[in-house]
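File shown here: structure21.txt, holding compact mmCIF, C-alpha atoms.
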```
# COMPACT_ATOMS: atom_id res chain seq x y z
CA MET Z 781 -2.33 -9.20 -48.77
CA TYR Z 782 -1.78 -12.88 -47.94
CA ILE Z 783 -1.52 -15.75 -50.44
CA ALA Z 784 -2.28 -19.31 -49.36
CA MET Z 785 -0.56 -21.49 -51.91
CA ASN Z 786 -0.83 -25.23 -52.43
CA ARG Z 787 1.46 -27.11 -54.80
CA PHE Z 788 0.25 -30.37 -56.37
CA ARG Z 789 2.42 -32.89 -58.25
CA VAL Z 790 -0.23 -34.30 -60.57
CA ILE Z 791 0.51 -37.73 -62.05
CA ARG Z 792 1.15 -37.57 -65.82
CA GLY Z 793 -2.05 -38.40 -67.69
CA GLU Z 794 -4.29 -37.20 -64.83
CA GLU Z 795 -4.05 -33.49 -65.64
CA GLU Z 796 -7.44 -33.23 -67.34
CA THR Z 797 -9.21 -35.09 -64.51
CA PHE Z 798 -7.51 -32.85 -61.97
CA GLU Z 799 -8.52 -29.65 -63.79
CA THR Z 800 -12.09 -30.88 -64.29
CA MET Z 801 -12.34 -31.65 -60.56
CA TRP Z 802 -11.46 -28.03 -59.81
CA LYS Z 803 -13.70 -26.58 -62.51
CA THR Z 804 -16.74 -28.50 -61.32
CA ARG Z 805 -16.29 -28.32 -57.57
CA GLU Z 806 -18.74 -26.57 -55.28
CA ARG Z 807 -17.63 -23.03 -54.68
CA HIS Z 808 -18.19 -21.04 -51.53
CA LEU Z 809 -15.09 -18.87 -51.08
CA ASN Z 810 -16.73 -15.78 -52.55
CA THR Z 811 -19.00 -15.61 -49.49
CA VAL Z 812 -16.08 -15.70 -47.02
CA PRO Z 813 -14.98 -12.39 -45.42
CA GLY Z 814 -11.57 -11.19 -46.60
CA TYR Z 815 -11.43 -13.44 -49.66
CA VAL Z 816 -10.06 -11.67 -52.76
CA GLU Z 817 -9.28 -14.08 -55.60
CA PHE Z 818 -8.53 -17.70 -56.47
CA HIS Z 819 -6.18 -19.01 -59.20
CA LEU Z 820 -5.57 -22.55 -60.32
CA LEU Z 821 -2.25 -22.56 -62.19
CA ARG Z 822 -0.57 -25.14 -64.42
CA GLY Z 823 3.21 -25.20 -64.07
CA PRO Z 824 6.06 -27.11 -65.66
CA ALA Z 825 5.80 -30.79 -66.65
CA HIS Z 826 8.33 -33.21 -65.17
CA ASP Z 827 9.06 -36.89 -65.93
CA ASP Z 828 6.45 -38.30 -63.56
CA HIS Z 829 4.23 -35.30 -62.79
CA THR Z 830 2.97 -31.90 -63.86
CA LEU Z 831 3.25 -29.20 -61.21
CA TYR Z 832 0.08 -27.26 -60.39
CA ALA Z 833 -0.39 -24.50 -57.84
CA SER Z 834 -3.49 -22.99 -56.31
CA HIS Z 835 -3.29 -19.43 -55.04
CA THR Z 836 -5.99 -18.15 -52.75
CA ILE Z 837 -5.52 -14.44 -52.18
CA TRP Z 838 -6.79 -12.90 -48.91
CA GLU Z 839 -6.91 -9.34 -47.63
CA SER Z 840 -4.82 -10.44 -44.62
CA HIS Z 841 -3.36 -13.45 -42.83
CA GLU Z 842 -6.04 -12.95 -40.18
CA ALA Z 843 -8.82 -13.41 -42.76
CA PHE Z 844 -7.23 -16.66 -43.91
CA VAL Z 845 -6.88 -17.98 -40.35
CA ALA Z 846 -10.49 -17.07 -39.55
CA TRP Z 847 -11.62 -19.05 -42.60
CA THR Z 848 -9.61 -22.14 -41.58
CA ARG Z 849 -11.48 -22.06 -38.26
CA SER Z 850 -14.91 -21.73 -39.85
CA GLU Z 851 -17.65 -24.28 -40.33
CA GLN Z 852 -17.48 -23.57 -44.10
CA PHE Z 853 -13.85 -24.70 -44.14
CA ARG Z 854 -14.66 -27.90 -42.27
CA GLN Z 855 -17.48 -28.72 -44.68
CA ALA Z 856 -15.43 -27.93 -47.80
CA HIS Z 857 -12.65 -30.27 -46.70
CA ALA Z 858 -15.03 -33.00 -45.54
CA ARG Z 859 -16.31 -33.20 -49.15
CA ALA Z 860 -12.84 -33.65 -50.63
CA GLY Z 861 -11.32 -37.03 -51.49
CA GLY Z 862 -12.89 -40.36 -52.22
CA THR Z 863 -11.47 -40.89 -55.69
CA LYS Z 864 -8.23 -42.50 -56.80
CA PRO Z 865 -5.07 -40.48 -56.16
CA LEU Z 866 -4.38 -37.85 -58.82
CA TYR Z 867 -1.14 -36.57 -57.35
CA LEU Z 868 2.10 -37.75 -55.76
CA GLY Z 869 2.18 -37.20 -52.00
CA GLY Z 870 -0.12 -34.64 -50.42
CA PRO Z 871 -0.52 -31.04 -51.50
CA GLN Z 872 2.33 -28.90 -50.16
CA PHE Z 873 1.07 -25.79 -48.38
CA GLU Z 874 3.02 -22.51 -48.27
CA GLY Z 875 1.64 -19.21 -46.98
CA PHE Z 876 3.07 -15.90 -48.21
CA GLU Z 877 2.76 -12.32 -46.99
CA ALA Z 878 3.02 -9.62 -49.64
CA VAL Z 879 6.09 -7.42 -49.16
CA ILE Z 880 5.73 -5.38 -52.37
CA ILE Z 881 2.80 -5.07 -54.77
CA GLU Z 882 3.37 -3.08 -57.97
CA GLY Z 883 0.61 -2.39 -60.46
CA LYS Z 884 0.61 -1.76 -64.18
CA ASP Z 885 0.42 2.01 -63.74
CA GLY Z 886 3.67 2.05 -61.75
CA SER Z 887 1.84 2.25 -58.42
CA ARG Z 888 3.46 0.53 -55.48
CA VAL Z 889 2.38 -0.76 -52.11
CA GLY Z 890 5.60 -1.35 -50.14
CA ASP Z 891 5.32 -3.34 -46.92
CA ALA Z 892 1.98 -4.44 -48.27
CA ALA Z 893 1.58 -7.00 -45.51
CA MET W 831 -2.77 -15.01 -67.71
CA TYR W 832 0.78 -16.23 -67.14
CA ILE W 833 2.76 -16.03 -63.88
CA ALA W 834 6.56 -16.08 -63.93
CA MET W 835 7.56 -17.14 -60.44
CA ASN W 836 10.99 -17.16 -58.84
CA ARG W 837 11.63 -18.78 -55.48
CA PHE W 838 14.52 -17.53 -53.32
CA ARG W 839 15.92 -19.28 -50.23
CA VAL W 840 17.18 -16.21 -48.38
CA ILE W 841 19.86 -16.84 -45.74
CA ARG W 842 18.54 -16.22 -42.20
CA GLY W 843 19.49 -12.72 -41.09
CA GLU W 844 19.62 -11.37 -44.67
CA GLU W 845 15.86 -10.89 -45.06
CA GLU W 846 15.88 -7.13 -44.51
CA THR W 847 18.76 -6.60 -46.96
CA PHE W 848 16.99 -8.75 -49.52
CA GLU W 849 13.71 -6.83 -49.16
CA THR W 850 15.48 -3.46 -49.28
CA MET W 851 17.26 -4.50 -52.49
CA TRP W 852 13.87 -5.15 -54.09
CA LYS W 853 12.27 -2.00 -52.71
CA THR W 854 15.03 0.25 -53.98
CA ARG W 855 15.78 -1.35 -57.34
CA GLU W 856 15.27 0.44 -60.64
CA ARG W 857 11.87 -0.39 -62.05
CA HIS W 858 10.97 -0.63 -65.68
CA LEU W 859 8.40 -3.44 -65.95
CA ASN W 860 5.45 -1.05 -66.05
CA THR W 861 6.59 0.12 -69.50
CA VAL W 862 6.72 -3.43 -70.91
CA PRO W 863 3.81 -4.58 -73.14
CA GLY W 864 1.64 -7.27 -71.53
CA TYR W 865 2.90 -6.68 -67.98
CA VAL W 866 0.11 -6.75 -65.36
CA GLU W 867 1.43 -6.86 -61.80
CA PHE W 868 4.44 -7.73 -59.64
CA HIS W 869 4.44 -9.21 -56.13
CA LEU W 870 7.34 -9.87 -53.80
CA LEU W 871 6.13 -12.38 -51.21
CA ARG W 872 7.61 -13.57 -47.92
CA GLY W 873 6.95 -17.24 -47.20
CA PRO W 874 7.72 -19.64 -44.39
CA ALA W 875 10.97 -19.52 -42.37
CA HIS W 876 13.11 -22.65 -42.25
CA ASP W 877 16.22 -23.54 -40.20
CA ASP W 878 18.72 -22.02 -42.61
CA HIS W 879 16.58 -19.81 -44.86
CA THR W 880 13.36 -17.88 -45.32
CA LEU W 881 11.47 -18.67 -48.51
CA TYR W 882 10.54 -15.72 -50.72
CA ALA W 883 8.74 -15.77 -54.05
CA SER W 884 8.40 -13.15 -56.75
CA HIS W 885 5.35 -13.32 -58.99
CA THR W 886 5.34 -11.37 -62.21
CA ILE W 887 1.91 -11.54 -63.80
CA TRP W 888 1.61 -11.22 -67.59
CA GLU W 889 -1.35 -11.09 -69.95
CA SER W 890 0.06 -14.15 -71.76
CA HIS W 891 3.05 -16.46 -72.02
CA GLU W 892 3.87 -14.74 -75.31
CA ALA W 893 4.18 -11.34 -73.58
CA PHE W 894 6.59 -12.87 -71.05
CA VAL W 895 8.73 -14.49 -73.76
CA ALA W 896 8.84 -11.25 -75.76
CA TRP W 897 10.12 -9.44 -72.66
CA THR W 898 12.87 -12.02 -72.05
CA ARG W 899 14.08 -11.32 -75.59
CA SER W 900 14.08 -7.54 -75.18
CA GLU W 901 16.94 -5.12 -74.67
CA GLN W 902 15.21 -3.97 -71.43
CA PHE W 903 15.50 -7.51 -70.04
CA ARG W 904 19.18 -7.72 -70.93
CA GLN W 905 19.90 -4.40 -69.24
CA ALA W 906 17.88 -5.23 -66.10
CA HIS W 907 19.78 -8.48 -65.62
CA ALA W 908 23.17 -6.92 -66.42
CA ARG W 909 22.64 -4.57 -63.46
CA ALA W 910 21.93 -7.41 -61.02
CA GLY W 911 24.54 -8.96 -58.73
CA GLY W 912 27.81 -7.66 -57.40
CA THR W 913 27.06 -7.98 -53.71
CA LYS W 914 27.58 -10.87 -51.31
CA PRO W 915 25.20 -13.79 -51.72
CA LEU W 916 21.86 -13.29 -49.96
CA TYR W 917 20.38 -16.67 -50.83
CA LEU W 918 21.23 -20.36 -51.03
CA GLY W 919 21.70 -21.57 -54.60
CA GLY W 920 20.21 -19.61 -57.46
CA PRO W 921 16.62 -18.44 -57.74
CA GLN W 922 14.38 -21.29 -58.88
CA PHE W 923 12.20 -20.30 -61.84
CA GLU W 924 8.74 -21.79 -62.47
CA GLY W 925 6.26 -20.53 -65.07
CA PHE W 926 2.51 -21.07 -64.63
CA GLU W 927 -0.46 -20.73 -66.98
CA ALA W 928 -3.76 -19.81 -65.35
CA VAL W 929 -6.35 -22.58 -65.66
CA ILE W 930 -9.04 -20.97 -63.49
CA ILE W 931 -9.35 -17.39 -62.20
CA GLU W 932 -12.19 -16.67 -59.78
CA GLY W 933 -12.92 -13.19 -58.49
CA LYS W 934 -14.51 -11.89 -55.33
CA ASP W 935 -17.89 -11.39 -57.00
CA GLY W 936 -18.08 -15.09 -57.94
CA SER W 937 -16.97 -14.42 -61.52
CA ARG W 938 -14.90 -17.10 -63.20
CA VAL W 939 -12.56 -17.33 -66.12
CA GLY W 940 -12.16 -21.05 -66.86
CA ASP W 941 -9.36 -22.10 -69.21
CA ALA W 942 -7.97 -18.67 -68.56
CA ALA W 943 -4.73 -19.48 -70.34
```
Turn this file's structure into structure tokens for me.
Amino acid sequence: MYIAMNRFRVIRGEEETFETMWKTRERHLNTVPGYVEFHLLRGPAHDDHTLYASHTIWESHEAFVAWTRSEQFRQAHARAGGTKPLYLGGPQFEGFEAVIIEGKDGSRVGDAA
Amino acid sequence: MYIAMNRFRVIRGEEETFETMWKTRERHLNTVPGYVEFHLLRGPAHDDHTLYASHTIWESHEAFVAWTRSEQFRQAHARAGGTKPLYLGGPQFEGFEAVIIEGKDGSRVGDAA
């Protein structure tokens, strides 16, 4: 399992606009091979921003890389932007490989990557 | 859905020890009400550390708070420590509320919090 995470420092007062942008965007990930799940997450509020994170969960790092090289990826990112800035700086990308996954029933996948 | 996230800057060369510590620790979360899933994730490597993140997924923020006030929590954290430092600074905690959850089948939970 691989998680592509982006962190966004959303300017205070722009939170609702930012969430609405995500809720109303065109979606295509569910047709991409290896895609598992997407989360938009609201984190702690700071003086000048509220932290958000997006998690896109993939079956493997390879599936994620294949998507970034696809025509779908190019089109999705060509559509982005065009409005006034909602966050400070750019989104900060971090990719993570799962080392351990433990479920509710006590099951474990060790070395899940 | 609520995600309690900790970020660890693990000293280069200590990654295997850090992962082994997690793989061999006593586990009790699966008996805690509202617990859903746990992930230990390996992120990008930097000059002096490798970033790791733990995600503990809860049904709600309330379930997480109840756990932090439990005797189980106190005992789990009393057992921690005692070895040489594996990471720079302390773990950095960030809590996140889910705003959107989208599954593989195109399903969506908006305002998932």
**Report entry** Counting only C-alpha atoms, chain W residues within 9 Å of chain Z, as a PyMOL selection string
**Finding:** chain W and resi 832-833+849+852-853+857-861+865-874+881-883+924-936+940
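Atom CA of Z:Pro871 is found 12.5 Å from atom CA of Z:Ile791.
For the residues Z:Glu842, Z:Glu806, Z:His829, Z:Glu851, ranking by smallest atom-to-atom distance to Z:Gly793 using all atoms listed in the file places Z:His829 first.
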Query raised in the report: When you draw a straight line from atom CA of Z:Glu795 to atom CA of Z:Phe853, how long is it in Å?
Result: 25.2 Å
Query raised in the report: Could you work out how far atom CA of W:Trp888 lies from atom CA of W:Phe848, giving the answer in Å with one decimal?
Result: 23.9 Å
